[in-house]
>>> print(open('target-v1.cif').read())   # mmCIF, C-alpha atoms
data_work
#
loop_
_atom_site.label_atom_id
_atom_site.label_comp_id
_atom_site.auth_asym_id
_atom_site.auth_seq_id
_atom_site.Cartn_x
_atom_site.Cartn_y
_atom_site.Cartn_z
CA MET A 1236 -1.29 -149.31 2.20
CA ARG A 1237 -1.17 -152.80 3.74
CA GLN A 1238 -3.21 -151.54 6.68
CA ILE A 1239 -5.89 -150.17 4.35
CA LEU A 1240 -6.09 -153.48 2.42
CA ALA A 1241 -6.18 -155.50 5.64
CA ARG A 1242 -8.90 -153.23 7.02
CA ARG A 1243 -10.97 -153.58 3.82
CA SER A 1244 -10.54 -157.35 3.97
CA VAL A 1245 -11.79 -157.46 7.57
CA ILE A 1246 -14.76 -155.18 6.76
CA THR A 1247 -15.64 -157.27 3.70
CA THR A 1248 -15.42 -160.50 5.70
CA VAL A 1249 -17.61 -159.14 8.51
CA ALA A 1250 -20.19 -157.77 6.05
CA LEU A 1251 -20.27 -161.04 4.14
CA GLY A 1252 -20.66 -163.02 7.37
CA LEU A 1253 -23.56 -160.83 8.51
CA ALA A 1254 -25.24 -161.16 5.13
CA LEU A 1255 -25.00 -164.95 5.26
CA VAL A 1256 -26.40 -165.09 8.79
CA ALA A 1257 -29.32 -162.83 7.86
CA ALA A 1258 -30.04 -164.52 4.50
CA PRO A 1259 -33.01 -166.90 4.49
CA THR A 1260 -32.38 -170.56 3.83
CA VAL A 1261 -33.59 -172.04 0.55
CA ALA A 1262 -36.55 -173.61 2.38
CA GLU A 1263 -37.51 -170.25 3.87
CA ALA A 1264 -37.09 -168.38 0.60
CA MET A 1265 -39.11 -170.86 -1.48
CA PRO A 1266 -42.64 -171.62 -0.25
CA MET A 1267 -43.63 -175.28 -0.16
CA PRO A 1268 -46.04 -176.26 -2.93
CA ASN A 1269 -49.57 -177.13 -1.82
CA THR A 1270 -49.51 -180.90 -2.21
CA ASN A 1271 -53.22 -181.05 -1.39
CA ALA A 1272 -54.25 -178.64 -4.11
CA ALA A 1273 -57.46 -179.69 -5.82
CA VAL A 1274 -56.95 -181.73 -8.98
CA LYS A 1275 -59.32 -182.79 -11.76
CA VAL A 1276 -59.41 -186.51 -12.45
CA ASN A 1277 -61.51 -188.78 -14.64
CA LEU A 1278 -63.62 -191.07 -12.45
CA ILE A 1279 -65.22 -194.25 -13.74
CA VAL A 1280 -67.47 -196.51 -11.65
CA GLN A 1281 -68.13 -199.80 -13.39
CA GLY A 1282 -70.82 -202.05 -11.88
CA PRO A 1283 -71.65 -205.67 -12.69
CA ASP A 1284 -74.28 -204.60 -15.22
CA GLY A 1285 -72.50 -201.64 -16.77
CA LEU A 1286 -71.32 -198.11 -16.21
CA LEU A 1287 -72.62 -196.43 -13.04
CA PHE A 1288 -70.72 -193.16 -13.33
CA LYS A 1289 -68.24 -191.52 -15.67
CA GLY A 1290 -67.07 -187.94 -15.41
CA LYS A 1291 -64.47 -185.41 -14.40
CA VAL A 1292 -64.22 -184.72 -10.68
CA LYS A 1293 -62.36 -181.97 -8.88
CA THR A 1294 -60.99 -183.32 -5.59
CA LYS A 1295 -58.43 -183.04 -2.86
CA GLY A 1296 -57.73 -185.05 0.29
CA HIS A 1297 -60.34 -184.48 3.01
CA ASP A 1298 -62.27 -186.15 5.81
CA VAL A 1299 -64.79 -188.68 4.53
CA THR A 1300 -67.93 -189.82 6.33
CA THR A 1301 -69.85 -193.00 5.56
CA ALA A 1302 -72.92 -194.43 7.29
CA THR A 1303 -71.09 -197.65 8.16
CA GLY A 1304 -67.53 -196.43 8.68
CA GLY A 1305 -67.93 -193.04 10.34
CA THR A 1306 -65.63 -190.07 9.70
CA HIS A 1307 -61.93 -190.54 8.94
CA LYS A 1308 -59.11 -188.77 7.14
CA CYS A 1309 -58.94 -189.62 3.46
CA ASP A 1310 -55.97 -187.46 2.59
CA GLY A 1311 -53.07 -189.84 2.06
CA THR A 1312 -51.50 -189.39 5.50
CA TYR A 1313 -52.55 -192.65 7.21
CA GLY A 1314 -49.85 -195.24 7.60
CA GLY A 1315 -47.21 -192.71 6.55
CA ALA A 1316 -48.16 -193.25 2.91
CA ASN A 1317 -47.51 -189.54 2.21
CA PRO A 1318 -45.81 -186.91 4.42
CA SER A 1319 -48.59 -184.36 3.86
CA LYS A 1320 -52.20 -184.26 2.66
CA VAL A 1321 -52.80 -185.27 -0.97
CA PRO A 1322 -55.80 -186.00 -3.23
CA THR A 1323 -56.87 -189.68 -3.11
CA PRO A 1324 -59.15 -192.04 -5.08
CA THR A 1325 -61.72 -192.47 -2.30
CA ALA A 1326 -61.84 -188.70 -1.75
CA ALA A 1327 -62.59 -188.39 -5.50
CA LEU A 1328 -65.41 -190.95 -5.20
CA ASP A 1329 -66.79 -189.08 -2.19
CA ASP A 1330 -66.67 -185.72 -4.00
CA ALA A 1331 -68.36 -187.20 -7.07
CA ALA A 1332 -71.12 -188.71 -4.92
CA HIS A 1333 -71.79 -185.38 -3.19
CA LYS A 1334 -71.64 -183.30 -6.37
CA LYS A 1335 -73.49 -185.71 -8.67
CA GLY A 1336 -76.10 -186.93 -6.19
CA PHE A 1337 -75.34 -190.61 -5.69
CA THR A 1338 -74.47 -192.59 -2.59
CA TRP A 1339 -71.66 -194.84 -1.53
CA ASP A 1340 -70.81 -196.58 1.72
CA GLY A 1341 -67.78 -198.22 3.20
CA THR A 1342 -66.53 -199.92 6.32
CA TRP A 1343 -63.54 -198.41 8.13
CA TYR A 1344 -60.77 -200.86 8.94
CA ALA A 1345 -58.37 -199.55 11.57
CA SER A 1346 -56.03 -202.48 10.86
CA PHE A 1347 -55.12 -200.95 7.50
CA ASP A 1348 -56.21 -197.35 8.14
CA ASP A 1349 -58.66 -197.19 5.27
CA PHE A 1350 -62.19 -197.69 4.05
CA SER A 1351 -63.34 -200.75 2.19
CA VAL A 1352 -65.76 -199.44 -0.42
CA ASP A 1353 -68.78 -201.71 0.05
CA THR A 1354 -71.58 -200.08 -1.96
CA ILE A 1355 -71.77 -197.54 -4.77
CA LYS A 1356 -75.16 -196.42 -6.12
CA SER A 1357 -76.85 -199.24 -4.17
CA VAL A 1358 -74.65 -201.86 -5.85
CA SER A 1359 -72.97 -204.05 -3.26
CA GLY A 1360 -70.34 -206.69 -3.70
CA GLY A 1361 -71.82 -208.73 -0.87
CA GLY A 1362 -70.05 -212.03 -0.38
CA SER A 1363 -69.36 -212.53 -4.09
CA ALA A 1364 -67.50 -209.36 -5.15
CA TYR A 1365 -65.65 -206.24 -4.03
CA TRP A 1366 -64.97 -202.77 -5.40
CA SER A 1367 -61.41 -202.72 -6.75
CA ILE A 1368 -59.59 -199.39 -7.14
CA ALA A 1369 -57.22 -198.64 -10.01
CA VAL A 1370 -55.41 -195.49 -11.10
CA ASN A 1371 -54.42 -195.26 -14.75
CA GLY A 1372 -55.23 -198.94 -15.18
CA THR A 1373 -53.07 -200.17 -12.29
CA PRO A 1374 -54.56 -201.46 -9.02
CA THR A 1375 -53.56 -199.30 -6.07
CA PRO A 1376 -50.97 -200.95 -3.79
CA VAL A 1377 -52.56 -199.28 -0.74
CA GLY A 1378 -56.11 -198.28 0.16
CA GLY A 1379 -58.07 -195.57 -1.58
CA CYS A 1380 -57.50 -193.04 1.22
CA GLN A 1381 -53.72 -193.53 1.11
CA PHE A 1382 -52.86 -193.47 -2.60
CA LYS A 1383 -51.91 -190.11 -4.13
CA ILE A 1384 -53.63 -189.14 -7.37
CA ASN A 1385 -52.60 -186.40 -9.77
CA ALA A 1386 -54.36 -184.09 -12.19
CA GLY A 1387 -55.54 -185.96 -15.27
CA ASP A 1388 -55.40 -189.43 -13.68
CA GLN A 1389 -58.07 -191.98 -14.52
CA VAL A 1390 -59.50 -193.34 -11.27
CA SER A 1391 -61.62 -196.47 -11.54
CA PHE A 1392 -63.81 -198.29 -9.05
CA THR A 1393 -64.77 -201.63 -10.58
CA TRP A 1394 -67.16 -204.25 -9.21
CA THR A 1395 -64.95 -207.34 -9.21
CA ALA A 1396 -66.18 -210.90 -8.58
CA PHE A 1397 -64.12 -213.13 -6.29
#
>>> encode(input="target-v1.cif", output="structure tokens")
Amino acid sequence: MRQILARRSVITTVALGLALVAAPTVAEAMPMPNTNAAVKVNLIVQGPDGLLFKGKVKTKGHDVTTATGGTHKCDGTYGGANPSKVPTPTAALDDAAHKKGFTWDGTWYASFDDFSVDTIKSVSGGGSAYWSIAVNGTPTPVGGCQFKINAGDQVSFTWTAF
């Protein structure tokens, strides 16, 4: 009887060991969520003389091209701000411009891996103002191509005098 119990114990141990070796890890079993899934945000562009744009925009992180700055990633990955691609405020501005038929331009600054938004709908800050970026009423601590936005966020570009 002891031999039968010992044999069952060995068989059970071997079977359990094989099952654990063959079992997928939690990371393998659960797919990673798409952090760069398109989100809908509320975009407001406020110029010196009033509202330039207000509407819902569907966006995700993507390459952005401006006449002055060229083409660069605008997906939250520069400077290690995010480990993977995410939707960003400047990507939302770019999508709105393409979908709603207005223009914007910005200079690319390699020193901080981001665009400086210079002109929206032909309104330029020039030497007296700049376009500030805020999400849900709070200025972004990093550039508009680095900050992650979420569905339902209010993204604002506001002409701001120095």
>>> closest_residue(input="target-v1.cif", among="A:Thr1393, A:Thr1306, A:Ser1351, A:Ser1363", to="Leu1287 (chain A)", atoms="only C-alpha atoms")
A:Thr1393
>>> residues_around(input="target-v1.cif", residues="Val1377 (chain A)", least_positions_apart="3", cutoff="9 Å", atoms="only C-alpha atoms", output="ChimeraX atom specification")
/A:1316,1347,1349,1374,1380-1382
>>> closest_residue(input="target-v1.cif", among="A:Ala1332, A:Ala1326, A:Val1280, A:Val1292", to="Lys1308 (chain A)", atoms="all atoms listed in the file")
A:Ala1326
>>> resolve_selection(input="target-v1.cif", expression="the PyMOL selection byres ((chain A and resi 1295) around 8)", output="list of chain:residue names")
A:Asn1271, A:Ala1272, A:Ala1273, A:Val1274, A:Lys1293, A:Thr1294, A:Gly1296, A:His1297, A:Asp1310, A:Val1321, A:Pro1322, A:Thr1323, A:Ala1326, A:Ala1327
>>> write_last_selection(input="target-v1.cif", atoms="C-alpha atoms", output="compact mmCIF listing (two decimals), in the frame of the given file")
# COMPACT_ATOMS: atom_id res chain seq x y z
CA ASN A 1271 -53.22 -181.05 -1.39
CA ALA A 1272 -54.25 -178.64 -4.11
CA ALA A 1273 -57.46 -179.69 -5.82
CA VAL A 1274 -56.95 -181.73 -8.98
CA LYS A 1293 -62.36 -181.97 -8.88
CA THR A 1294 -60.99 -183.32 -5.59
CA GLY A 1296 -57.73 -185.05 0.29
CA HIS A 1297 -60.34 -184.48 3.01
CA ASP A 1310 -55.97 -187.46 2.59
CA VAL A 1321 -52.80 -185.27 -0.97
CA PRO A 1322 -55.80 -186.00 -3.23
CA THR A 1323 -56.87 -189.68 -3.11
CA ALA A 1326 -61.84 -188.70 -1.75
CA ALA A 1327 -62.59 -188.39 -5.50
>>> residues_near_point(input="target-v1.cif", point="(-55.4, -185.7, -16.5)", cutoff="9 Å", atoms="all atoms listed in the file", output="MDAnalysis selection string")
chainID A and resid 1274:1277 1385:1389
>>> axis_aligned_box(input="target-v1.cif", around="region 1327-1343 of chain A", padding_each_side="6 Å", output="JSON")
{"center_x": -69.3, "center_y": -191.6, "center_z": -0.3, "size_x": 25.5, "size_y": 28.6, "size_z": 28.8}
>>> resolve_selection(input="target-v1.cif", expression="the PyMOL selection byres ((chain A and resi 1370) around 9)", output="MDAnalysis selection string")
chainID A and resid 1324 1368:1369 1371:1375 1384 1388:1391
>>> write_last_selection(input="target-v1.cif", atoms="C-alpha atoms", output="short mmCIF file (atom, residue, chain, number, x, y, z; two decimals), in the frame of the given file")
data_model
loop_
_atom_site.label_atom_id
_atom_site.label_comp_id
_atom_site.auth_asym_id
_atom_site.auth_seq_id
_atom_site.Cartn_x
_atom_site.Cartn_y
_atom_site.Cartn_z
CA PRO A 1324 -59.15 -192.04 -5.08
CA ILE A 1368 -59.59 -199.39 -7.14
CA ALA A 1369 -57.22 -198.64 -10.01
CA ASN A 1371 -54.42 -195.26 -14.75
CA GLY A 1372 -55.23 -198.94 -15.18
CA THR A 1373 -53.07 -200.17 -12.29
CA PRO A 1374 -54.56 -201.46 -9.02
CA THR A 1375 -53.56 -199.30 -6.07
CA ILE A 1384 -53.63 -189.14 -7.37
CA ASP A 1388 -55.40 -189.43 -13.68
CA GLN A 1389 -58.07 -191.98 -14.52
CA VAL A 1390 -59.50 -193.34 -11.27
CA SER A 1391 -61.62 -196.47 -11.54
#
>>> decode(input="target-v1.cif", residues="region 1252-1355 of chain A", atoms="C-alpha atoms", output="PDB file, in the first residue's frame")
ATOM      1  CA  GLY A1252       5.523  20.096 -12.465  1.00  0.00           C
ATOM      2  CA  LEU A1253       4.880  19.562 -16.178  1.00  0.00           C
ATOM      3  CA  ALA A1254       1.657  21.543 -15.991  1.00  0.00           C
ATOM      4  CA  LEU A1255       3.423  24.467 -14.334  1.00  0.00           C
ATOM      5  CA  VAL A1256       6.219  24.457 -16.907  1.00  0.00           C
ATOM      6  CA  ALA A1257       3.738  24.390 -19.793  1.00  0.00           C
ATOM      7  CA  ALA A1258       1.345  26.963 -18.286  1.00  0.00           C
ATOM      8  CA  PRO A1259       1.603  30.463 -19.747  1.00  0.00           C
ATOM      9  CA  THR A1260       2.725  33.279 -17.491  1.00  0.00           C
ATOM     10  CA  VAL A1261       0.187  35.917 -16.500  1.00  0.00           C
ATOM     11  CA  ALA A1262       1.726  38.311 -19.053  1.00  0.00           C
ATOM     12  CA  GLU A1263       1.370  35.711 -21.810  1.00  0.00           C
ATOM     13  CA  ALA A1264      -2.167  34.773 -20.826  1.00  0.00           C
ATOM     14  CA  MET A1265      -3.438  38.361 -20.610  1.00  0.00           C
ATOM     15  CA  PRO A1266      -2.913  40.536 -23.688  1.00  0.00           C
ATOM     16  CA  MET A1267      -1.537  44.019 -23.073  1.00  0.00           C
ATOM     17  CA  PRO A1268      -4.132  46.770 -23.473  1.00  0.00           C
ATOM     18  CA  ASN A1269      -3.668  49.057 -26.462  1.00  0.00           C
ATOM     19  CA  THR A1270      -2.398  52.194 -24.740  1.00  0.00           C
ATOM     20  CA  ASN A1271      -2.537  54.069 -28.043  1.00  0.00           C
ATOM     21  CA  ALA A1272      -6.175  53.314 -28.705  1.00  0.00           C
ATOM     22  CA  ALA A1273      -8.021  56.280 -30.167  1.00  0.00           C
ATOM     23  CA  VAL A1274      -9.793  58.451 -27.606  1.00  0.00           C
ATOM     24  CA  LYS A1275     -12.352  61.241 -27.938  1.00  0.00           C
ATOM     25  CA  VAL A1276     -11.408  64.479 -26.227  1.00  0.00           C
ATOM     26  CA  ASN A1277     -12.883  67.970 -26.104  1.00  0.00           C
ATOM     27  CA  LEU A1278     -10.528  70.406 -27.832  1.00  0.00           C
ATOM     28  CA  ILE A1279     -10.705  74.163 -27.321  1.00  0.00           C
ATOM     29  CA  VAL A1280      -8.478  76.669 -29.129  1.00  0.00           C
ATOM     30  CA  GLN A1281      -8.773  80.128 -27.621  1.00  0.00           C
ATOM     31  CA  GLY A1282      -7.172  83.007 -29.543  1.00  0.00           C
ATOM     32  CA  PRO A1283      -6.558  86.591 -28.432  1.00  0.00           C
ATOM     33  CA  ASP A1284      -9.860  87.720 -29.928  1.00  0.00           C
ATOM     34  CA  GLY A1285     -12.023  84.745 -29.014  1.00  0.00           C
ATOM     35  CA  LEU A1286     -12.735  81.115 -29.695  1.00  0.00           C
ATOM     36  CA  LEU A1287     -10.991  79.659 -32.764  1.00  0.00           C
ATOM     37  CA  PHE A1288     -12.159  76.064 -32.402  1.00  0.00           C
ATOM     38  CA  LYS A1289     -14.276  73.996 -30.050  1.00  0.00           C
ATOM     39  CA  GLY A1290     -15.277  70.403 -30.640  1.00  0.00           C
ATOM     40  CA  LYS A1291     -14.821  66.729 -29.968  1.00  0.00           C
ATOM     41  CA  VAL A1292     -11.806  65.128 -31.608  1.00  0.00           C
ATOM     42  CA  LYS A1293     -10.929  61.466 -31.951  1.00  0.00           C
ATOM     43  CA  THR A1294      -7.162  61.040 -31.691  1.00  0.00           C
ATOM     44  CA  LYS A1295      -4.258  58.793 -30.875  1.00  0.00           C
ATOM     45  CA  GLY A1296      -0.496  59.291 -30.828  1.00  0.00           C
ATOM     46  CA  HIS A1297       0.998  59.539 -34.325  1.00  0.00           C
ATOM     47  CA  ASP A1298       3.674  61.232 -36.416  1.00  0.00           C
ATOM     48  CA  VAL A1299       3.000  64.928 -36.915  1.00  0.00           C
ATOM     49  CA  THR A1300       4.280  67.070 -39.780  1.00  0.00           C
ATOM     50  CA  THR A1301       4.472  70.861 -39.738  1.00  0.00           C
ATOM     51  CA  ALA A1302       5.833  73.216 -42.392  1.00  0.00           C
ATOM     52  CA  THR A1303       8.401  74.660 -39.991  1.00  0.00           C
ATOM     53  CA  GLY A1304       9.213  71.667 -37.803  1.00  0.00           C
ATOM     54  CA  GLY A1305       9.137  68.705 -40.183  1.00  0.00           C
ATOM     55  CA  THR A1306       7.894  65.239 -39.224  1.00  0.00           C
ATOM     56  CA  HIS A1307       8.341  63.854 -35.705  1.00  0.00           C
ATOM     57  CA  LYS A1308       6.713  61.370 -33.354  1.00  0.00           C
ATOM     58  CA  CYS A1309       3.903  62.874 -31.325  1.00  0.00           C
ATOM     59  CA  ASP A1310       2.964  59.759 -29.407  1.00  0.00           C
ATOM     60  CA  GLY A1311       4.217  60.306 -25.870  1.00  0.00           C
ATOM     61  CA  THR A1312       7.413  58.263 -26.224  1.00  0.00           C
ATOM     62  CA  TYR A1313      10.022  61.051 -26.500  1.00  0.00           C
ATOM     63  CA  GLY A1314      12.121  61.644 -23.437  1.00  0.00           C
ATOM     64  CA  GLY A1315      10.789  58.446 -21.853  1.00  0.00           C
ATOM     65  CA  ALA A1316       7.604  60.280 -20.877  1.00  0.00           C
ATOM     66  CA  ASN A1317       5.594  57.089 -21.535  1.00  0.00           C
ATOM     67  CA  PRO A1318       6.827  53.510 -22.133  1.00  0.00           C
ATOM     68  CA  SER A1319       4.579  53.047 -25.177  1.00  0.00           C
ATOM     69  CA  LYS A1320       2.600  55.156 -27.651  1.00  0.00           C
ATOM     70  CA  VAL A1321      -0.288  57.181 -26.201  1.00  0.00           C
ATOM     71  CA  PRO A1322      -2.690  59.910 -27.395  1.00  0.00           C
ATOM     72  CA  THR A1323      -1.296  63.444 -26.846  1.00  0.00           C
ATOM     73  CA  PRO A1324      -2.583  67.048 -26.923  1.00  0.00           C
ATOM     74  CA  THR A1325      -0.609  68.066 -30.017  1.00  0.00           C
ATOM     75  CA  ALA A1326      -1.744  64.923 -31.855  1.00  0.00           C
ATOM     76  CA  ALA A1327      -5.332  65.983 -31.004  1.00  0.00           C
ATOM     77  CA  LEU A1328      -4.684  69.481 -32.403  1.00  0.00           C
ATOM     78  CA  ASP A1329      -3.185  67.949 -35.546  1.00  0.00           C
ATOM     79  CA  ASP A1330      -6.159  65.596 -36.019  1.00  0.00           C
ATOM     80  CA  ALA A1331      -8.627  68.441 -35.512  1.00  0.00           C
ATOM     81  CA  ALA A1332      -6.793  70.596 -38.057  1.00  0.00           C
ATOM     82  CA  HIS A1333      -6.849  67.818 -40.662  1.00  0.00           C
ATOM     83  CA  LYS A1334     -10.464  66.823 -40.033  1.00  0.00           C
ATOM     84  CA  LYS A1335     -11.919  70.323 -39.605  1.00  0.00           C
ATOM     85  CA  GLY A1336      -9.877  72.082 -42.292  1.00  0.00           C
ATOM     86  CA  PHE A1337      -7.706  74.560 -40.406  1.00  0.00           C
ATOM     87  CA  THR A1338      -3.948  74.957 -40.220  1.00  0.00           C
ATOM     88  CA  TRP A1339      -1.381  75.044 -37.482  1.00  0.00           C
ATOM     89  CA  ASP A1340       2.397  75.218 -37.468  1.00  0.00           C
ATOM     90  CA  GLY A1341       5.122  74.595 -34.969  1.00  0.00           C
ATOM     91  CA  THR A1342       8.875  74.556 -34.600  1.00  0.00           C
ATOM     92  CA  TRP A1343      10.548  71.307 -33.530  1.00  0.00           C
ATOM     93  CA  TYR A1344      12.979  71.649 -30.640  1.00  0.00           C
ATOM     94  CA  ALA A1345      15.308  68.667 -30.322  1.00  0.00           C
ATOM     95  CA  SER A1346      16.501  69.993 -26.946  1.00  0.00           C
ATOM     96  CA  PHE A1347      13.145  69.090 -25.400  1.00  0.00           C
ATOM     97  CA  ASP A1348      11.919  66.580 -27.999  1.00  0.00           C
ATOM     98  CA  ASP A1349       8.748  68.448 -28.841  1.00  0.00           C
ATOM     99  CA  PHE A1350       7.014  71.011 -30.998  1.00  0.00           C
ATOM    100  CA  SER A1351       6.399  74.557 -29.920  1.00  0.00           C
ATOM    101  CA  VAL A1352       2.977  75.407 -31.319  1.00  0.00           C
ATOM    102  CA  ASP A1353       3.599  78.733 -33.059  1.00  0.00           C
ATOM    103  CA  THR A1354       0.474  79.373 -35.144  1.00  0.00           C
ATOM    104  CA  ILE A1355      -3.098  78.095 -35.125  1.00  0.00           C
TER     105      ILE A1355
END
